[in-house]
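What follows is one structure encoded as structure tokens, with my remarks underneath.
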Amino acid sequence: MDQIKIGKFIQERRKYKKITQSKLAEKLNVTDRAISKWENGNCLPDVSNISELCKILDISINDLFSGEIVDMKDNEKILEKNLLDAVRQKEESDKRLLAMEIVIGVLISAVFFALIFIASFVEMEDWLRILLIITGFIPFIIMIPFVIRIEQKAGYYECQKCHNKYVPSYSSVLWAMHINRTRKMKCPKCGEKSWQRKVISKGDNKE
Ligand SMILES: [Zn+2]
């Protein structure tokens, strides 16, 4: 922080507002000397005075510490950029999650079919056969809530009627009929039940 710049800025704003040092001191309940110290860049206003000072000088706290009126357009641009970056990051991580879901699905299916195959065609005791079949189901049972959670949270579902894009509830995803990632669900916006397509982005690009 540039104390000299801030001091000059305080002085400039005070003069612009046509307030004397002593008047400002009175308003803030500080000594005249304190004001002149700030304006000379010898010290910064106390935290307890900052918000009142900014109000009197008609500036933002950000302006005060920048020692100038900060261009709001720049602020908005930075905000917008951060927002876009956050959205982009979410989309990237959603894509990764959905890819991971496929890997999990393939793995548990492979284990399942392998065990069923062995149980069906290899000579063994009946109890072992049953045990193998049960074991084949266990990964499904464990992974299903996890996979449904990915389906629900990653990206959005797009209503084919009104093109509303939304994140549905866990239970509506769990119980919906589905073909791959397209699920028959009730749109929360238009209330129509239709096949809702999975999309990664709130924008137009489809997955
Ligand atoms: Zn709809």
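Residue numbering restarts at 1 for every chain of the structure tokens, chains are lettered A, B, ... in their displayed order, and ligands are numbered from 1 as they appear.
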
Can I get the residues close to ligand 1 as an MDAnalysis selection string, where close means within 7 Å and we count only C-alpha atoms and all ligand atoms? chainID A and resid 159:164 187:192

Give me a file of those residues, with N, CA and C atoms, as a PDB file, in the first residue's frame.
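Now in again_29.pdb:
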ATOM      1  N   CYS A 159     -34.161 -30.112 -20.083  1.00  0.00           N
ATOM      2  CA  CYS A 159     -35.531 -30.456 -20.438  1.00  0.00           C
ATOM      3  C   CYS A 159     -35.679 -30.267 -21.944  1.00  0.00           C
ATOM      4  N   GLN A 160     -36.217 -31.284 -22.618  1.00  0.00           N
ATOM      5  CA  GLN A 160     -36.351 -31.194 -24.073  1.00  0.00           C
ATOM      6  C   GLN A 160     -37.543 -30.335 -24.495  1.00  0.00           C
ATOM      7  N   LYS A 161     -38.417 -30.041 -23.532  1.00  0.00           N
ATOM      8  CA  LYS A 161     -39.592 -29.219 -23.852  1.00  0.00           C
ATOM      9  C   LYS A 161     -39.263 -27.729 -23.747  1.00  0.00           C
ATOM     10  N   CYS A 162     -38.737 -27.310 -22.564  1.00  0.00           N
ATOM     11  CA  CYS A 162     -38.523 -25.871 -22.360  1.00  0.00           C
ATOM     12  C   CYS A 162     -37.034 -25.508 -22.331  1.00  0.00           C
ATOM     13  N   HIS A 163     -36.163 -26.504 -22.480  1.00  0.00           N
ATOM     14  CA  HIS A 163     -34.707 -26.305 -22.503  1.00  0.00           C
ATOM     15  C   HIS A 163     -34.148 -25.711 -21.222  1.00  0.00           C
ATOM     16  N   ASN A 164     -34.874 -25.893 -20.139  1.00  0.00           N
ATOM     17  CA  ASN A 164     -34.368 -25.535 -18.822  1.00  0.00           C
ATOM     18  C   ASN A 164     -33.250 -26.515 -18.453  1.00  0.00           C
ATOM     19  N   CYS A 187     -39.569 -32.037 -15.341  1.00  0.00           N
ATOM     20  CA  CYS A 187     -38.818 -30.771 -15.341  1.00  0.00           C
ATOM     21  C   CYS A 187     -39.359 -29.861 -14.232  1.00  0.00           C
ATOM     22  N   PRO A 188     -38.470 -29.327 -13.381  1.00  0.00           N
ATOM     23  CA  PRO A 188     -38.951 -28.481 -12.288  1.00  0.00           C
ATOM     24  C   PRO A 188     -39.507 -27.135 -12.771  1.00  0.00           C
ATOM     25  N   LYS A 189     -39.186 -26.768 -14.027  1.00  0.00           N
ATOM     26  CA  LYS A 189     -39.633 -25.463 -14.528  1.00  0.00           C
ATOM     27  C   LYS A 189     -41.012 -25.554 -15.197  1.00  0.00           C
ATOM     28  N   CYS A 190     -41.110 -26.454 -16.199  1.00  0.00           N
ATOM     29  CA  CYS A 190     -42.387 -26.519 -16.917  1.00  0.00           C
ATOM     30  C   CYS A 190     -43.283 -27.646 -16.405  1.00  0.00           C
ATOM     31  N   GLY A 191     -42.719 -28.516 -15.547  1.00  0.00           N
ATOM     32  CA  GLY A 191     -43.525 -29.576 -14.944  1.00  0.00           C
ATOM     33  C   GLY A 191     -43.821 -30.743 -15.875  1.00  0.00           C
ATOM     34  N   GLU A 192     -43.296 -30.701 -17.096  1.00  0.00           N
ATOM     35  CA  GLU A 192     -43.541 -31.782 -18.057  1.00  0.00           C
ATOM     36  C   GLU A 192     -42.598 -32.946 -17.781  1.00  0.00           C
TER      37      GLU A 192
END

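Checking A:Glu158, A:Glu91, A:Glu151, A:Glu39 one by one against Ile200 (chain A), counting only C-alpha atoms, you find the shortest gap at A:Glu91.
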
Within 12 Å of Met100 (chain A), counting only C-alpha atoms, which residues show up once you throw out same-chain ones fewer than 3 positions away? Write them as a PyMOL selection string, please. chain A and resi 93-97+103-107+143+146-147+150-151+154

Do you know which residues are at most 9 Å from Ser66 (chain A) counting only C-alpha atoms, after dropping those on the same chain fewer than 6 positions away, and could you put them as a short mmCIF file (atom, residue, chain, number, x, y, z; two decimals) with all heavy atoms, in the first residue's frame?
data_model
loop_
_atom_site.label_atom_id
_atom_site.label_comp_id
_atom_site.auth_asym_id
_atom_site.auth_seq_id
_atom_site.Cartn_x
_atom_site.Cartn_y
_atom_site.Cartn_z
N MET A 1 0.84 -1.21 0.00
CA MET A 1 0.00 0.00 0.00
C MET A 1 0.87 1.25 0.00
O MET A 1 1.83 1.34 0.75
CB MET A 1 -0.89 0.00 1.23
CG MET A 1 -2.32 -0.38 0.89
SD MET A 1 -3.34 -0.35 2.34
CE MET A 1 -2.65 -1.72 3.27
N ASP A 2 0.49 2.19 -0.83
CA ASP A 2 1.25 3.43 -0.96
C ASP A 2 0.63 4.51 -0.06
O ASP A 2 -0.35 5.14 -0.42
CB ASP A 2 1.22 3.84 -2.44
CG ASP A 2 2.13 5.04 -2.71
OD1 ASP A 2 2.52 5.73 -1.75
OD2 ASP A 2 2.42 5.28 -3.89
N LYS A 5 0.38 8.05 -1.54
CA LYS A 5 -0.69 8.14 -2.54
C LYS A 5 -2.06 8.19 -1.87
O LYS A 5 -2.94 8.98 -2.25
CB LYS A 5 -0.59 6.93 -3.48
CG LYS A 5 -1.46 7.06 -4.72
CD LYS A 5 -1.36 5.83 -5.60
CE LYS A 5 -2.27 5.95 -6.81
NZ LYS A 5 -2.41 4.68 -7.53
N ILE A 6 -2.21 7.34 -0.86
CA ILE A 6 -3.48 7.29 -0.12
C ILE A 6 -3.72 8.65 0.56
O ILE A 6 -4.83 9.20 0.50
CB ILE A 6 -3.48 6.13 0.91
CG1 ILE A 6 -3.46 4.77 0.18
CG2 ILE A 6 -4.70 6.21 1.84
CD1 ILE A 6 -3.20 3.58 1.08
#

Per DSSP on the backbone, filter region 30-107 of chain A down to the residues in alpha helix (DSSP H) and report them as a count of residues only. 61

Identify, on the basis of only C-alpha atoms, every residue whose closest approach to region 172-179 of chain A does not exceed 9 Å; exclude the query and any residue fewer than 4 positions from it along the same chain; express the result as a PyMOL selection string. chain A and resi 145+148-149+151-152+168+183-186+195

Need to verify the contact set: Trp38 (chain A), 9 Å, only C-alpha atoms, exclusion of same-chain residues closer than 2 positions in sequence. Can you return it as number ranges by chain? A: 3-4, 6-8, 10-11, 33-36, 40-45

Write a file of the just-selected residues containing N, CA, C and O atoms, as a PDB file, in the first residue's frame.
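Okay, this is what ended up in result08.pdb:
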ATOM      1  N   GLN A   3       1.247   4.704   1.112  1.00  0.00           N
ATOM      2  CA  GLN A   3       0.687   5.648   2.098  1.00  0.00           C
ATOM      3  C   GLN A   3       0.624   7.079   1.575  1.00  0.00           C
ATOM      4  O   GLN A   3      -0.321   7.803   1.846  1.00  0.00           O
ATOM      5  N   ILE A   4       1.671   7.469   0.839  1.00  0.00           N
ATOM      6  CA  ILE A   4       1.726   8.833   0.293  1.00  0.00           C
ATOM      7  C   ILE A   4       0.556   9.045  -0.684  1.00  0.00           C
ATOM      8  O   ILE A   4      -0.147  10.045  -0.628  1.00  0.00           O
ATOM      9  N   ILE A   6      -2.212   7.337  -0.855  1.00  0.00           N
ATOM     10  CA  ILE A   6      -3.479   7.295  -0.117  1.00  0.00           C
ATOM     11  C   ILE A   6      -3.722   8.648   0.559  1.00  0.00           C
ATOM     12  O   ILE A   6      -4.825   9.200   0.498  1.00  0.00           O
ATOM     13  N   GLY A   7      -2.655   9.188   1.174  1.00  0.00           N
ATOM     14  CA  GLY A   7      -2.758  10.493   1.854  1.00  0.00           C
ATOM     15  C   GLY A   7      -3.187  11.587   0.896  1.00  0.00           C
ATOM     16  O   GLY A   7      -4.107  12.365   1.182  1.00  0.00           O
ATOM     17  N   LYS A   8      -2.544  11.623  -0.252  1.00  0.00           N
ATOM     18  CA  LYS A   8      -2.869  12.638  -1.264  1.00  0.00           C
ATOM     19  C   LYS A   8      -4.314  12.491  -1.730  1.00  0.00           C
ATOM     20  O   LYS A   8      -5.011  13.480  -1.959  1.00  0.00           O
ATOM     21  N   ILE A  10      -6.802  11.163   0.017  1.00  0.00           N
ATOM     22  CA  ILE A  10      -7.704  11.621   1.084  1.00  0.00           C
ATOM     23  C   ILE A  10      -7.847  13.141   1.015  1.00  0.00           C
ATOM     24  O   ILE A  10      -8.964  13.679   1.049  1.00  0.00           O
ATOM     25  N   GLN A  11      -6.701  13.815   0.854  1.00  0.00           N
ATOM     26  CA  GLN A  11      -6.702  15.275   0.796  1.00  0.00           C
ATOM     27  C   GLN A  11      -7.505  15.788  -0.404  1.00  0.00           C
ATOM     28  O   GLN A  11      -8.331  16.695  -0.290  1.00  0.00           O
ATOM     29  N   ARG A  33      -4.472  16.926  13.896  1.00  0.00           N
ATOM     30  CA  ARG A  33      -3.129  16.380  13.637  1.00  0.00           C
ATOM     31  C   ARG A  33      -3.212  15.003  12.975  1.00  0.00           C
ATOM     32  O   ARG A  33      -2.421  14.713  12.071  1.00  0.00           O
ATOM     33  N   ALA A  34      -4.177  14.216  13.424  1.00  0.00           N
ATOM     34  CA  ALA A  34      -4.355  12.875  12.840  1.00  0.00           C
ATOM     35  C   ALA A  34      -4.662  12.996  11.348  1.00  0.00           C
ATOM     36  O   ALA A  34      -4.054  12.302  10.519  1.00  0.00           O
ATOM     37  N   ILE A  35      -5.559  13.924  11.027  1.00  0.00           N
ATOM     38  CA  ILE A  35      -5.913  14.124   9.611  1.00  0.00           C
ATOM     39  C   ILE A  35      -4.686  14.529   8.807  1.00  0.00           C
ATOM     40  O   ILE A  35      -4.426  13.984   7.724  1.00  0.00           O
ATOM     41  N   SER A  36      -3.913  15.448   9.338  1.00  0.00           N
ATOM     42  CA  SER A  36      -2.758  15.912   8.557  1.00  0.00           C
ATOM     43  C   SER A  36      -1.704  14.809   8.437  1.00  0.00           C
ATOM     44  O   SER A  36      -1.021  14.693   7.428  1.00  0.00           O
ATOM     45  N   ASN A  40      -0.398  13.510   4.881  1.00  0.00           N
ATOM     46  CA  ASN A  40       1.028  13.568   4.558  1.00  0.00           C
ATOM     47  C   ASN A  40       1.621  12.185   4.305  1.00  0.00           C
ATOM     48  O   ASN A  40       2.797  12.060   3.967  1.00  0.00           O
ATOM     49  N   GLY A  41       0.788  11.181   4.509  1.00  0.00           N
ATOM     50  CA  GLY A  41       1.273   9.811   4.300  1.00  0.00           C
ATOM     51  C   GLY A  41       2.127   9.299   5.441  1.00  0.00           C
ATOM     52  O   GLY A  41       2.875   8.340   5.275  1.00  0.00           O
ATOM     53  N   ASN A  42       2.016   9.936   6.617  1.00  0.00           N
ATOM     54  CA  ASN A  42       2.786   9.459   7.772  1.00  0.00           C
ATOM     55  C   ASN A  42       2.167   8.221   8.407  1.00  0.00           C
ATOM     56  O   ASN A  42       2.865   7.399   8.975  1.00  0.00           O
ATOM     57  N   CYS A  43       0.870   8.174   8.345  1.00  0.00           N
ATOM     58  CA  CYS A  43       0.199   6.959   8.826  1.00  0.00           C
ATOM     59  C   CYS A  43      -1.151   6.797   8.145  1.00  0.00           C
ATOM     60  O   CYS A  43      -1.645   7.720   7.497  1.00  0.00           O
ATOM     61  N   LEU A  44      -1.706   5.615   8.315  1.00  0.00           N
ATOM     62  CA  LEU A  44      -2.999   5.315   7.707  1.00  0.00           C
ATOM     63  C   LEU A  44      -4.109   5.516   8.738  1.00  0.00           C
ATOM     64  O   LEU A  44      -3.869   5.395   9.930  1.00  0.00           O
ATOM     65  N   PRO A  45      -5.307   5.829   8.287  1.00  0.00           N
ATOM     66  CA  PRO A  45      -6.424   5.951   9.220  1.00  0.00           C
ATOM     67  C   PRO A  45      -6.612   4.663  10.012  1.00  0.00           C
ATOM     68  O   PRO A  45      -6.337   3.567   9.493  1.00  0.00           O
TER      69      PRO A  45
END

Determine, counting only C-alpha atoms, which protein, DNA and RNA residues have an atom within 10 Å of an atom of region 17-32 of chain A; residues of the same chain fewer than 4 positions away are not included. Present the result as a VMD selection string. chain A and resid 11 to 13 36 to 37 39 48 to 50 52 to 53 56 to 58

For those residues, write C-alpha atoms to a file as an mmCIF file, in the first residue's frame.
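Dumped everything to part_25.cif:
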data_model
loop_
_atom_site.group_PDB
_atom_site.id
_atom_site.type_symbol
_atom_site.label_atom_id
_atom_site.label_comp_id
_atom_site.auth_asym_id
_atom_site.auth_seq_id
_atom_site.Cartn_x
_atom_site.Cartn_y
_atom_site.Cartn_z
ATOM 1 C CA GLN A 11 -6.702 15.275 0.796
ATOM 2 C CA GLU A 12 -7.934 15.506 -2.759
ATOM 3 C CA ARG A 13 -11.305 14.010 -1.875
ATOM 4 C CA SER A 36 -2.758 15.912 8.557
ATOM 5 C CA LYS A 37 -0.709 12.811 9.370
ATOM 6 C CA GLU A 39 -2.755 13.305 4.317
ATOM 7 C CA SER A 48 -12.335 2.141 13.332
ATOM 8 C CA ASN A 49 -12.357 5.325 11.191
ATOM 9 C CA ILE A 50 -12.093 3.811 7.745
ATOM 10 C CA GLU A 52 -16.904 6.505 8.210
ATOM 11 C CA LEU A 53 -14.087 8.278 6.376
ATOM 12 C CA ILE A 56 -17.717 11.186 4.134
ATOM 13 C CA LEU A 57 -15.328 11.238 1.163
ATOM 14 C CA ASP A 58 -17.853 9.291 -0.913
#

The distance between CA of Lys202 (chain A) and CA of Asp85 (chain A) is 14.0 Å

Between CA of Lys90 (chain A) and CA of Lys193 (chain A), what is the distance, to one decimal in Å? 27.4 Å

If you run DSSP on the backbone, which residues of chain A are strand (DSSP E or B), as a ChimeraX atom specification? /A:156-158,165-166,177-179,182-186,193-199

For a test of reading the model, state the distance in Å between CA of Ala110 (chain A) and CA of Glu125 (chain A), rounded to one decimal. 23.0 Å

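Comparing A:Leu83, A:Val199, A:Ala114, A:Ile78 by their smallest distance to Lys165 (chain A), the closest is A:Val199 (using only C-alpha atoms).
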